[in-house]
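Novice: What follows is query18.cif, mmCIF, C-alpha atoms.
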data_structure
#
loop_
_atom_site.group_PDB
_atom_site.id
_atom_site.type_symbol
_atom_site.label_atom_id
_atom_site.label_comp_id
_atom_site.auth_asym_id
_atom_site.auth_seq_id
_atom_site.Cartn_x
_atom_site.Cartn_y
_atom_site.Cartn_z
ATOM 1 C CA MET A 65 9.415 -0.807 -7.572
ATOM 2 C CA TRP A 66 9.819 1.781 -10.331
ATOM 3 C CA ILE A 67 7.014 1.769 -12.944
ATOM 4 C CA PRO A 68 8.105 3.655 -16.079
ATOM 5 C CA VAL A 69 5.846 5.882 -18.154
ATOM 6 C CA GLY A 70 6.788 6.807 -21.706
ATOM 7 C CA LYS A 71 9.199 4.905 -23.945
ATOM 8 C CA VAL A 72 10.560 1.643 -22.576
ATOM 9 C CA TYR A 73 12.909 -0.787 -24.301
ATOM 10 C CA THR A 74 12.112 -4.474 -24.288
ATOM 11 C CA ASP A 75 15.677 -5.579 -25.034
ATOM 12 C CA GLU A 76 19.096 -4.745 -23.591
ATOM 13 C CA GLU A 77 20.307 -3.356 -26.927
ATOM 14 C CA LYS A 78 17.532 -0.725 -26.825
ATOM 15 C CA THR A 79 16.323 -1.525 -30.313
ATOM 16 C CA GLU A 80 13.951 1.236 -31.408
ATOM 17 C CA SER A 81 11.714 -1.173 -33.306
ATOM 18 C CA LYS A 82 11.183 -3.160 -30.101
ATOM 19 C CA ALA A 83 10.484 -0.161 -27.893
ATOM 20 C CA LYS A 84 7.030 0.316 -26.414
ATOM 21 C CA THR A 85 5.374 3.508 -25.215
ATOM 22 C CA ILE A 86 3.453 3.172 -21.968
ATOM 23 C CA ASN A 87 0.925 5.979 -21.832
ATOM 24 C CA LEU A 88 -0.364 7.476 -18.614
ATOM 25 C CA SER A 89 -3.967 6.325 -18.596
ATOM 26 C CA ARG A 90 -6.547 4.131 -16.923
ATOM 27 C CA TYR A 91 -7.130 0.841 -18.731
ATOM 28 C CA THR A 92 -9.355 -2.164 -19.083
ATOM 29 C CA PHE A 93 -7.839 -5.501 -20.070
ATOM 30 C CA ALA A 94 -9.463 -8.163 -22.237
ATOM 31 C CA ALA A 95 -8.852 -11.886 -21.863
ATOM 32 C CA ASP A 96 -6.581 -11.807 -24.933
ATOM 33 C CA ARG A 97 -4.421 -9.145 -23.198
ATOM 34 C CA THR A 98 -5.830 -6.229 -25.231
ATOM 35 C CA GLU A 99 -5.236 -3.009 -23.290
ATOM 36 C CA THR A 100 -7.896 -0.318 -23.812
ATOM 37 C CA PRO A 101 -6.992 3.172 -22.511
ATOM 38 C CA TYR A 102 -9.695 5.366 -20.970
ATOM 39 C CA GLY A 103 -7.756 8.292 -19.590
ATOM 40 C CA ALA A 104 -9.976 10.244 -17.218
ATOM 41 C CA GLU A 105 -13.179 8.968 -18.836
ATOM 42 C CA THR A 106 -15.717 6.849 -16.963
ATOM 43 C CA ILE A 107 -15.075 3.105 -17.093
ATOM 44 C CA THR A 108 -18.338 1.167 -17.107
ATOM 45 C CA ILE A 109 -18.395 -2.515 -16.160
ATOM 46 C CA ASN A 110 -21.446 -4.703 -16.665
ATOM 47 C CA TYR A 111 -21.065 -7.327 -14.000
ATOM 48 C CA LYS A 112 -23.602 -9.831 -15.230
ATOM 49 C CA ASN A 113 -22.299 -9.969 -18.776
ATOM 50 C CA GLU A 114 -18.616 -9.913 -17.936
ATOM 51 C CA TYR A 115 -18.419 -12.104 -14.879
ATOM 52 C CA GLY A 116 -21.315 -14.547 -15.185
ATOM 53 C CA ASP A 117 -24.014 -15.788 -12.834
ATOM 54 C CA GLY A 118 -23.708 -14.949 -9.187
ATOM 55 C CA TYR A 119 -22.845 -11.293 -9.657
ATOM 56 C CA PRO A 120 -25.457 -8.514 -9.587
ATOM 57 C CA ASP A 121 -26.961 -7.469 -12.889
ATOM 58 C CA MET A 122 -25.779 -3.871 -12.929
ATOM 59 C CA ALA A 123 -23.660 -1.479 -14.919
ATOM 60 C CA VAL A 124 -21.166 0.166 -12.573
ATOM 61 C CA ASN A 125 -19.262 3.362 -13.334
ATOM 62 C CA TYR A 126 -15.712 3.990 -12.115
ATOM 63 C CA ASN A 127 -13.915 7.335 -12.018
ATOM 64 C CA GLU A 128 -10.714 8.705 -10.533
ATOM 65 C CA LEU A 129 -12.030 11.905 -8.982
ATOM 66 C CA ALA A 130 -10.271 14.866 -7.404
ATOM 67 C CA LYS A 131 -13.195 15.123 -4.975
ATOM 68 C CA SER A 132 -15.948 12.679 -4.053
ATOM 69 C CA ASN A 133 -19.217 13.226 -2.203
ATOM 70 C CA LEU A 134 -19.733 9.504 -1.692
ATOM 71 C CA GLY A 135 -17.675 9.162 1.483
ATOM 72 C CA ASN A 136 -14.573 7.504 0.062
ATOM 73 C CA ALA A 137 -11.010 8.787 0.234
ATOM 74 C CA VAL A 138 -9.666 10.125 -3.060
ATOM 75 C CA ALA A 139 -6.058 10.604 -4.121
ATOM 76 C CA LEU A 140 -3.999 13.218 -2.302
ATOM 77 C CA ASP A 141 -3.750 15.218 -5.544
ATOM 78 C CA ILE A 142 -4.545 13.183 -8.652
ATOM 79 C CA GLU A 143 -3.659 15.962 -11.079
ATOM 80 C CA GLN A 144 -0.272 16.452 -9.431
ATOM 81 C CA PHE A 145 0.353 12.714 -9.597
ATOM 82 C CA LYS A 146 -0.416 12.669 -13.316
ATOM 83 C CA THR A 147 1.698 15.754 -14.075
ATOM 84 C CA LYS A 148 4.696 14.648 -12.018
ATOM 85 C CA THR A 149 4.518 11.086 -13.310
ATOM 86 C CA GLU A 150 4.720 12.283 -16.909
ATOM 87 C CA THR A 151 7.481 14.781 -16.067
ATOM 88 C CA ASN A 152 9.538 12.183 -14.194
ATOM 89 C CA HIS A 153 8.633 9.342 -16.568
ATOM 90 C CA GLY A 154 7.325 7.071 -13.853
ATOM 91 C CA TYR A 155 6.482 6.419 -10.208
ATOM 92 C CA TYR A 156 6.983 3.783 -7.497
ATOM 93 C CA ILE A 157 4.620 1.215 -6.010
ATOM 94 C CA GLY A 158 5.234 -1.179 -3.140
ATOM 95 C CA ARG A 159 6.627 -4.570 -4.139
ATOM 96 C CA TYR A 160 4.276 -6.084 -1.576
ATOM 97 C CA GLU A 161 0.941 -5.346 -0.021
ATOM 98 C CA ALA A 162 1.238 -2.900 2.882
ATOM 99 C CA ARG A 163 2.861 -4.539 5.889
ATOM 100 C CA THR A 164 3.544 -3.891 9.539
ATOM 101 C CA VAL A 165 6.381 -5.188 11.707
ATOM 102 C CA GLU A 166 4.663 -4.124 14.942
ATOM 103 C CA SER A 167 1.828 -6.659 14.918
ATOM 104 C CA THR A 168 2.242 -10.377 14.431
ATOM 105 C CA GLU A 169 -1.412 -10.686 13.479
ATOM 106 C CA ARG A 170 -3.964 -7.992 12.727
ATOM 107 C CA THR A 171 -7.463 -8.791 13.884
ATOM 108 C CA GLU A 172 -10.702 -6.846 14.160
ATOM 109 C CA ALA A 173 -9.913 -6.152 17.812
ATOM 110 C CA SER A 174 -6.414 -4.818 17.130
ATOM 111 C CA LYS A 175 -6.923 -3.047 13.805
ATOM 112 C CA ASP A 176 -6.715 0.446 15.332
ATOM 113 C CA ASN A 177 -3.387 -0.050 17.054
ATOM 114 C CA GLY A 178 -1.665 2.528 14.854
ATOM 115 C CA ALA A 179 1.045 0.191 13.622
ATOM 116 C CA LYS A 180 3.523 1.789 11.236
ATOM 117 C CA VAL A 181 3.213 0.878 7.566
ATOM 118 C CA THR A 182 6.239 -0.730 5.938
ATOM 119 C CA MET A 183 7.106 -2.468 2.669
ATOM 120 C CA ARG A 184 9.355 -5.103 4.226
ATOM 121 C CA LYS A 185 9.140 -8.586 2.787
ATOM 122 C CA ASP A 186 9.212 -10.161 6.233
ATOM 123 C CA GLY A 187 6.476 -7.957 7.686
ATOM 124 C CA PHE A 188 2.886 -8.959 8.380
ATOM 125 C CA VAL A 189 0.164 -7.991 5.936
ATOM 126 C CA TYR A 190 -1.649 -4.821 7.054
ATOM 127 C CA ASN A 191 -5.241 -6.040 6.769
ATOM 128 C CA HIS A 192 -8.487 -5.346 8.668
ATOM 129 C CA VAL A 193 -8.281 -1.813 7.316
ATOM 130 C CA THR A 194 -10.920 0.440 5.727
ATOM 131 C CA GLN A 195 -10.493 2.322 2.473
ATOM 132 C CA ILE A 196 -10.297 5.636 4.334
ATOM 133 C CA GLU A 197 -7.748 4.287 6.826
ATOM 134 C CA SER A 198 -5.706 2.886 3.936
ATOM 135 C CA ALA A 199 -5.484 6.339 2.368
ATOM 136 C CA LYS A 200 -4.482 8.019 5.635
ATOM 137 C CA LEU A 201 -1.827 5.418 6.385
ATOM 138 C CA SER A 202 -0.418 5.645 2.867
ATOM 139 C CA GLN A 203 -0.301 9.443 2.822
ATOM 140 C CA SER A 204 1.455 9.606 6.205
ATOM 141 C CA MET A 205 4.010 6.890 5.479
ATOM 142 C CA TYR A 206 6.657 9.443 4.422
ATOM 143 C CA ASN A 207 7.289 13.093 5.224
ATOM 144 C CA ASP A 208 9.668 14.457 2.627
ATOM 145 C CA SER A 209 9.506 17.497 0.352
ATOM 146 C CA ASN A 210 10.977 15.553 -2.573
ATOM 147 C CA PHE A 211 8.190 12.995 -2.928
ATOM 148 C CA LYS A 212 4.711 12.086 -1.763
ATOM 149 C CA SER A 213 3.193 8.781 -0.728
ATOM 150 C CA ASP A 214 -0.438 7.914 -1.300
ATOM 151 C CA LEU A 215 -2.869 5.026 -1.579
ATOM 152 C CA ILE A 216 -2.537 3.530 -5.048
ATOM 153 C CA ASN A 217 -4.872 5.077 -7.633
ATOM 154 C CA SER A 218 -6.394 3.550 -10.759
ATOM 155 C CA TYR A 219 -3.806 5.102 -13.095
ATOM 156 C CA ALA A 220 -0.960 3.618 -11.071
ATOM 157 C CA TRP A 221 -2.598 0.190 -10.800
ATOM 158 C CA ASP A 222 -3.411 -0.068 -14.503
ATOM 159 C CA ILE A 223 -0.107 1.315 -15.798
ATOM 160 C CA ALA A 224 1.716 -1.178 -13.588
ATOM 161 C CA ILE A 225 -0.206 -3.987 -15.284
ATOM 162 C CA VAL A 226 0.725 -2.650 -18.740
ATOM 163 C CA PHE A 227 4.390 -2.541 -17.717
ATOM 164 C CA LEU A 228 4.335 -5.997 -16.122
ATOM 165 C CA GLN A 229 2.669 -7.544 -19.158
ATOM 166 C CA THR A 230 5.318 -5.954 -21.379
ATOM 167 C CA PHE A 231 8.118 -7.508 -19.307
ATOM 168 C CA ASP A 232 6.357 -10.698 -18.211
ATOM 169 C CA ASN A 233 9.190 -12.906 -16.976
ATOM 170 C CA ARG A 234 7.088 -15.643 -15.351
ATOM 171 C CA ASN A 235 7.747 -19.275 -16.147
ATOM 172 C CA ASN A 236 4.912 -21.546 -17.289
ATOM 173 C CA LYS A 237 2.480 -18.665 -17.695
ATOM 174 C CA THR A 238 -0.892 -19.707 -19.104
ATOM 175 C CA LYS A 239 -2.707 -16.351 -19.188
ATOM 176 C CA PRO A 240 -1.841 -12.650 -19.367
ATOM 177 C CA TYR A 241 -0.992 -11.141 -15.993
ATOM 178 C CA SER A 242 -3.956 -8.772 -16.166
ATOM 179 C CA ARG A 243 -6.228 -11.841 -16.037
ATOM 180 C CA GLN A 244 -4.145 -13.888 -13.605
ATOM 181 C CA ASN A 245 -6.084 -15.171 -10.592
ATOM 182 C CA SER A 246 -4.799 -16.410 -7.265
ATOM 183 C CA SER A 247 -2.483 -19.383 -7.300
ATOM 184 C CA ASN A 248 -2.988 -19.907 -3.552
ATOM 185 C CA ASN A 249 -5.997 -21.124 -1.575
ATOM 186 C CA SER A 250 -4.906 -19.740 1.782
ATOM 187 C CA PHE A 251 -4.010 -16.319 3.148
ATOM 188 C CA ALA A 252 -0.298 -15.546 3.539
ATOM 189 C CA ASN A 253 -0.231 -13.377 6.670
ATOM 190 C CA LYS A 254 3.530 -12.960 6.619
ATOM 191 C CA GLY A 255 5.950 -12.466 3.768
ATOM 192 C CA THR A 256 5.155 -13.477 0.224
ATOM 193 C CA ASN A 257 3.050 -16.389 -0.896
ATOM 194 C CA ASN A 258 6.217 -18.508 -0.642
ATOM 195 C CA LEU A 259 5.962 -19.918 -4.148
ATOM 196 C CA THR A 260 9.117 -20.194 -6.214
ATOM 197 C CA GLN A 261 9.680 -18.354 -9.467
ATOM 198 C CA THR A 262 9.124 -21.598 -11.381
ATOM 199 C CA THR A 263 5.695 -22.247 -9.851
ATOM 200 C CA SER A 264 4.325 -18.834 -8.937
ATOM 201 C CA GLN A 265 2.028 -17.044 -11.342
ATOM 202 C CA ASP A 266 1.830 -13.963 -9.129
ATOM 203 C CA LYS A 267 5.471 -12.968 -8.886
ATOM 204 C CA ILE A 268 6.442 -10.878 -11.858
ATOM 205 C CA CYS A 269 9.511 -8.627 -12.174
ATOM 206 C CA ASN A 270 9.902 -9.194 -8.415
ATOM 207 C CA LEU A 271 6.517 -7.651 -7.633
ATOM 208 C CA TRP A 272 4.115 -9.746 -5.553
ATOM 209 C CA ASP A 273 0.436 -10.375 -4.974
ATOM 210 C CA MET A 274 -1.508 -8.080 -7.303
ATOM 211 C CA ALA A 275 -3.328 -11.180 -8.495
ATOM 212 C CA SER A 276 -3.633 -13.004 -5.196
ATOM 213 C CA ASN A 277 -3.536 -13.055 -1.421
ATOM 214 C CA ILE A 278 -6.138 -10.383 -0.548
ATOM 215 C CA TYR A 279 -8.031 -7.456 -2.082
ATOM 216 C CA GLU A 280 -6.383 -4.036 -2.239
ATOM 217 C CA TRP A 281 -8.205 -0.741 -1.716
ATOM 218 C CA THR A 282 -7.660 2.070 -4.243
ATOM 219 C CA THR A 283 -8.706 5.718 -4.529
ATOM 220 C CA GLU A 284 -10.968 5.093 -7.529
ATOM 221 C CA THR A 285 -14.597 6.058 -6.922
ATOM 222 C CA CYS A 286 -17.387 3.628 -7.749
ATOM 223 C CA ALA A 287 -20.675 5.392 -8.448
ATOM 224 C CA HIS A 288 -22.963 2.654 -7.128
ATOM 225 C CA THR A 289 -24.773 3.294 -3.847
ATOM 226 C CA ASP A 290 -22.167 3.101 -1.071
ATOM 227 C CA TYR A 291 -19.786 0.585 -2.630
ATOM 228 C CA TYR A 292 -16.171 1.471 -3.349
ATOM 229 C CA THR A 293 -13.346 0.178 -5.466
ATOM 230 C CA TYR A 294 -10.705 -2.386 -4.689
ATOM 231 C CA ARG A 295 -8.562 -4.289 -7.116
ATOM 232 C CA GLY A 296 -6.761 -7.564 -7.646
ATOM 233 C CA GLY A 297 -7.274 -11.198 -6.803
ATOM 234 C CA CYS A 298 -7.946 -12.919 -3.498
ATOM 235 C CA TYR A 299 -7.052 -16.363 -2.177
ATOM 236 C CA ASP A 300 -10.673 -17.275 -1.380
ATOM 237 C CA ASN A 301 -12.304 -16.124 -4.631
ATOM 238 C CA THR A 302 -11.000 -17.929 -7.716
ATOM 239 C CA PRO A 303 -12.843 -15.878 -10.412
ATOM 240 C CA VAL A 304 -11.253 -12.552 -9.413
ATOM 241 C CA TYR A 305 -8.001 -11.425 -11.042
ATOM 242 C CA THR A 306 -5.365 -8.700 -11.233
ATOM 243 C CA ALA A 307 -7.166 -6.109 -13.381
ATOM 244 C CA LEU A 308 -10.611 -6.636 -11.861
ATOM 245 C CA ARG A 309 -12.497 -3.681 -10.458
ATOM 246 C CA PHE A 310 -14.672 -4.896 -7.609
ATOM 247 C CA THR A 311 -17.374 -3.117 -5.639
ATOM 248 C CA ASN A 312 -19.229 -5.193 -3.064
ATOM 249 C CA TYR A 313 -17.694 -3.679 0.070
ATOM 250 C CA VAL A 314 -18.248 -0.221 1.547
ATOM 251 C CA THR A 315 -15.587 2.161 2.839
ATOM 252 C CA VAL A 316 -16.254 1.291 6.482
ATOM 253 C CA ASP A 317 -15.650 -2.425 5.865
ATOM 254 C CA SER A 318 -12.356 -3.702 7.266
ATOM 255 C CA TYR A 319 -12.220 -7.445 6.932
ATOM 256 C CA GLY A 320 -9.238 -9.756 6.978
ATOM 257 C CA ILE A 321 -9.291 -9.870 3.174
ATOM 258 C CA HIS A 322 -8.739 -6.101 2.835
ATOM 259 C CA SER A 323 -5.300 -4.547 2.496
ATOM 260 C CA PHE A 324 -3.682 -1.868 0.320
ATOM 261 C CA ARG A 325 -0.531 -0.944 -1.613
ATOM 262 C CA VAL A 326 1.390 2.308 -1.219
ATOM 263 C CA LEU A 327 2.277 4.616 -4.103
ATOM 264 C CA LEU A 328 5.268 6.988 -4.164
ATOM 265 C CA TYR A 329 5.947 9.748 -6.686
ATOM 266 C CA LEU A 330 8.539 12.488 -7.070
ATOM 267 C CA VAL A 331 7.491 16.122 -6.759
#
Could you express the structure from this file as structure tokens?
Specialist:
Amino acid sequence: MWIPVGKVYTDEEKTESKAKTINLSRYTFAADRTETPYGAETITINYKNEYGDGYPDMAVNYNELAKSNLGNAVALDIEQFKTKTETNHGYYIGRYEARTVESTERTEASKDNGAKVTMRKDGFVYNHVTQIESAKLSQSMYNDSNFKSDLINSYAWDIAIVFLQTFDNRNNKTKPYSRQNSSNNSFANKGTNNLTQTTSQDKICNLWDMASNIYEWTTETCAHTDYYTYRGGCYDNTPVYTALRFTNYVTVDSYGIHSFRVLLYLV
């Protein structure tokens, strides 16, 4: 799915007064939909104050780094992604969480079977994968001199939310998409969450599951002991939502609730 950067028109007539500029940045999103850009600056989240009892009382810093000494995989070339995205006025992200057509069910015992990553709707969700494995699989998905594939970074995740909120075509929406939580209470191993457009709150502009199903690893670095960053909502954790930055798993964790989304950009 193409995510535009720069001027976008919100109506078919391309009325200038209705146009919106989507800036290349990292963002936080308030409950009232307010989008706050941070660029390359550190984003600090206070978990106790923002998310309530049950979360650790700590201020956690998030950065999109070119290099990390904390053991996590970073973007293939974050500066190239930013430059090329602005030059080309956008980038692509997978419509679905990473999938495989070679395994009917990924388990802890079979997670290293080397299944090929796909974006097919009818594939099986590529879970039981670590953050480092997610980056390697994403970066090797394509081999073409015209574009590069990578694990989704924090710029790409946040800009996608800005775009989707601008063109929010969901029916019966009760909250901004950045704060949407899972509308399912069970894991959809194959395909989408099978909800219709009239009932689903996590299908927007034909993009699926940023707010639900399972957590998605990113390349953003979390500067808190050995925890690393994943995003989005999950079927078994109602308080989490699309824009959430979460940090209570380490890079070597590879549970059934971990997957990823592939990024593609022109070079």
Novice: Of the candidates A:Phe145, A:Trp272, A:Tyr292, A:Tyr126, which one gets nearest to Leu327 in chain A if we count only C-alpha atoms?
Specialist: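 Looking at the shortest contact to Leu327 in chain A, the residue is A:Phe145.
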Novice: Return as a list in words the set of residues that the PyMOL selection byres ((chain A and resi 197-209) around 8) yields on the displayed structure.
Specialist: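 On the file shown, the PyMOL selection byres ((chain A and resi 197-209) around 8) covers Ala137, Val138, Ala139, Leu140, Lys180, Val181, Thr182, Val193, Thr194, Gln195, Ile196, Asn210, Phe211, Lys212, Ser213, Asp214, Leu215, Trp281, Thr283, Ser323, Phe324, Arg325, Val326, Leu327 and Val331 of chain A.
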Novice: Which is closer to Gln144 in chain A than all the others in A:Ala130, A:Glu280, A:Tyr156, A:Tyr305, using all atoms listed in the file?
Specialist: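 Ranked by minimum distance to Gln144 in chain A, first place goes to A:Ala130.
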Novice: Just to confirm, what's the straight-line distance from CA of Tyr219 in chain A to CA of Thr79 in chain A in Å (one decimal)?
Specialist: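 Between these atoms lies a distance of 27.3 Å.
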Novice: Counting all atoms listed in the file, figure out which residue out of A:Lys71, A:Lys237, A:Ser250, A:Thr306 gets nearest to Glu150 in chain A.
Specialist: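 Selected residue with least distance to Glu150 in chain A: A:Lys71.
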Novice: For Met65 in chain A, which residue out of A:Asn110, A:Thr164, A:Asn270, A:Ser246 is the nearest one, using only C-alpha atoms?
Specialist: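 Using only C-alpha atoms, the shortest distance to Met65 in chain A belongs to A:Asn270.
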Novice: Restricting the calculation to only C-alpha atoms, which member of A:Ser81, A:Thr74, A:Gln244, A:Ser89 is positioned closest to Gly296 in chain A?
Specialist: A:Gln244
Novice: With distances taken over all atoms listed in the file, which of A:Asp232, A:Asp141, A:Glu128, A:Asp300 is nearest to Glu284 in chain A?
Specialist: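 So, comparing all the options, the nearest one is A:Glu128.
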Novice: To one decimal place, how far is CA of Arg234 in chain A from CA of Ser247 in chain A in Å?
Specialist: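 CA of Ser247 in chain A lies 13.1 Å from CA of Arg234 in chain A.
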Novice: Translate the PyMOL selection byres ((chain A and resi 149) around 9), as applied to the file shown, into an explicit residue set as JSON, numbers by chain.
Specialist: {"A": [68, 69, 88, 144, 145, 146, 147, 148, 150, 151, 152, 153, 154, 155, 329, 330, 331]}
Novice: Could you pull the residues within 8 Å of Cys286 in chain A, counting all atoms listed in the file, minus those fewer than 3 positions along the same chain, as a list in words?
Specialist: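 Residues near the query, excluding close chain neighbours: Val124, Asn125, Tyr126, Asn127, Tyr291, Tyr292, Thr293 and Thr311 of chain A.
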Novice: Those same residues, written as a PDB file, keeping the file's coordinate frame with C-alpha atoms?
Specialist:
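After the write, selection_5.pdb holds the following:
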ATOM      1  CA  VAL A 124     -21.166   0.166 -12.573  1.00  0.00           C
ATOM      2  CA  ASN A 125     -19.262   3.362 -13.334  1.00  0.00           C
ATOM      3  CA  TYR A 126     -15.712   3.990 -12.115  1.00  0.00           C
ATOM      4  CA  ASN A 127     -13.915   7.335 -12.018  1.00  0.00           C
ATOM      5  CA  TYR A 291     -19.786   0.585  -2.630  1.00  0.00           C
ATOM      6  CA  TYR A 292     -16.171   1.471  -3.349  1.00  0.00           C
ATOM      7  CA  THR A 293     -13.346   0.178  -5.466  1.00  0.00           C
ATOM      8  CA  THR A 311     -17.374  -3.117  -5.639  1.00  0.00           C
TER       9      THR A 311
END
Novice: For range 298-320 of chain A, supply N, CA and C atoms and format the output as a PDB file, in the coordinates of the input.
Specialist:
ATOM      1  N   CYS A 298      -7.884 -12.559  -4.904  1.00  0.00           N
ATOM      2  CA  CYS A 298      -7.946 -12.919  -3.498  1.00  0.00           C
ATOM      3  C   CYS A 298      -7.916 -14.439  -3.371  1.00  0.00           C
ATOM      4  N   TYR A 299      -7.252 -14.922  -2.337  1.00  0.00           N
ATOM      5  CA  TYR A 299      -7.052 -16.363  -2.177  1.00  0.00           C
ATOM      6  C   TYR A 299      -8.353 -17.152  -2.099  1.00  0.00           C
ATOM      7  N   ASP A 300      -9.437 -16.530  -1.605  1.00  0.00           N
ATOM      8  CA  ASP A 300     -10.673 -17.275  -1.380  1.00  0.00           C
ATOM      9  C   ASP A 300     -11.724 -17.054  -2.461  1.00  0.00           C
ATOM     10  N   ASN A 301     -11.326 -16.429  -3.587  1.00  0.00           N
ATOM     11  CA  ASN A 301     -12.304 -16.124  -4.631  1.00  0.00           C
ATOM     12  C   ASN A 301     -11.643 -16.340  -5.994  1.00  0.00           C
ATOM     13  N   THR A 302     -11.718 -17.537  -6.502  1.00  0.00           N
ATOM     14  CA  THR A 302     -11.000 -17.929  -7.716  1.00  0.00           C
ATOM     15  C   THR A 302     -11.314 -17.067  -8.937  1.00  0.00           C
ATOM     16  N   PRO A 303     -12.575 -16.624  -9.175  1.00  0.00           N
ATOM     17  CA  PRO A 303     -12.843 -15.878 -10.412  1.00  0.00           C
ATOM     18  C   PRO A 303     -12.205 -14.493 -10.488  1.00  0.00           C
ATOM     19  N   VAL A 304     -11.782 -13.907  -9.360  1.00  0.00           N
ATOM     20  CA  VAL A 304     -11.253 -12.552  -9.413  1.00  0.00           C
ATOM     21  C   VAL A 304      -9.786 -12.566  -9.843  1.00  0.00           C
ATOM     22  N   TYR A 305      -9.324 -11.451 -10.429  1.00  0.00           N
ATOM     23  CA  TYR A 305      -8.001 -11.425 -11.042  1.00  0.00           C
ATOM     24  C   TYR A 305      -7.392 -10.035 -10.954  1.00  0.00           C
ATOM     25  N   THR A 306      -6.176  -9.894 -11.443  1.00  0.00           N
ATOM     26  CA  THR A 306      -5.365  -8.700 -11.233  1.00  0.00           C
ATOM     27  C   THR A 306      -6.064  -7.409 -11.645  1.00  0.00           C
ATOM     28  N   ALA A 307      -6.616  -7.355 -12.844  1.00  0.00           N
ATOM     29  CA  ALA A 307      -7.166  -6.109 -13.381  1.00  0.00           C
ATOM     30  C   ALA A 307      -8.593  -5.834 -12.932  1.00  0.00           C
ATOM     31  N   LEU A 308      -9.202  -6.764 -12.216  1.00  0.00           N
ATOM     32  CA  LEU A 308     -10.611  -6.636 -11.861  1.00  0.00           C
ATOM     33  C   LEU A 308     -10.881  -5.416 -10.991  1.00  0.00           C
ATOM     34  N   ARG A 309     -11.945  -4.705 -11.323  1.00  0.00           N
ATOM     35  CA  ARG A 309     -12.497  -3.681 -10.458  1.00  0.00           C
ATOM     36  C   ARG A 309     -13.671  -4.321  -9.729  1.00  0.00           C
ATOM     37  N   PHE A 310     -13.663  -4.203  -8.400  1.00  0.00           N
ATOM     38  CA  PHE A 310     -14.672  -4.896  -7.609  1.00  0.00           C
ATOM     39  C   PHE A 310     -15.343  -3.913  -6.674  1.00  0.00           C
ATOM     40  N   THR A 311     -16.613  -4.161  -6.309  1.00  0.00           N
ATOM     41  CA  THR A 311     -17.374  -3.117  -5.639  1.00  0.00           C
ATOM     42  C   THR A 311     -18.339  -3.568  -4.560  1.00  0.00           C
ATOM     43  N   ASN A 312     -18.192  -4.744  -3.990  1.00  0.00           N
ATOM     44  CA  ASN A 312     -19.229  -5.193  -3.064  1.00  0.00           C
ATOM     45  C   ASN A 312     -18.887  -4.995  -1.593  1.00  0.00           C
ATOM     46  N   TYR A 313     -17.964  -4.074  -1.308  1.00  0.00           N
ATOM     47  CA  TYR A 313     -17.694  -3.679   0.070  1.00  0.00           C
ATOM     48  C   TYR A 313     -17.755  -2.164   0.170  1.00  0.00           C
ATOM     49  N   VAL A 314     -18.158  -1.662   1.336  1.00  0.00           N
ATOM     50  CA  VAL A 314     -18.248  -0.221   1.547  1.00  0.00           C
ATOM     51  C   VAL A 314     -17.000   0.271   2.257  1.00  0.00           C
ATOM     52  N   THR A 315     -16.829   1.604   2.309  1.00  0.00           N
ATOM     53  CA  THR A 315     -15.587   2.161   2.839  1.00  0.00           C
ATOM     54  C   THR A 315     -15.376   1.861   4.310  1.00  0.00           C
ATOM     55  N   VAL A 316     -16.423   1.571   5.057  1.00  0.00           N
ATOM     56  CA  VAL A 316     -16.254   1.291   6.482  1.00  0.00           C
ATOM     57  C   VAL A 316     -15.969  -0.188   6.737  1.00  0.00           C
ATOM     58  N   ASP A 317     -15.992  -1.015   5.699  1.00  0.00           N
ATOM     59  CA  ASP A 317     -15.650  -2.425   5.865  1.00  0.00           C
ATOM     60  C   ASP A 317     -14.151  -2.573   6.093  1.00  0.00           C
ATOM     61  N   SER A 318     -13.784  -3.488   6.971  1.00  0.00           N
ATOM     62  CA  SER A 318     -12.356  -3.702   7.266  1.00  0.00           C
ATOM     63  C   SER A 318     -12.140  -5.158   7.632  1.00  0.00           C
ATOM     64  N   TYR A 319     -12.346  -6.020   6.684  1.00  0.00           N
ATOM     65  CA  TYR A 319     -12.220  -7.445   6.932  1.00  0.00           C
ATOM     66  C   TYR A 319     -10.772  -7.918   6.771  1.00  0.00           C
ATOM     67  N   GLY A 320     -10.568  -9.179   7.105  1.00  0.00           N
ATOM     68  CA  GLY A 320      -9.238  -9.756   6.978  1.00  0.00           C
ATOM     69  C   GLY A 320      -8.759  -9.861   5.551  1.00  0.00           C
TER      70      GLY A 320
END
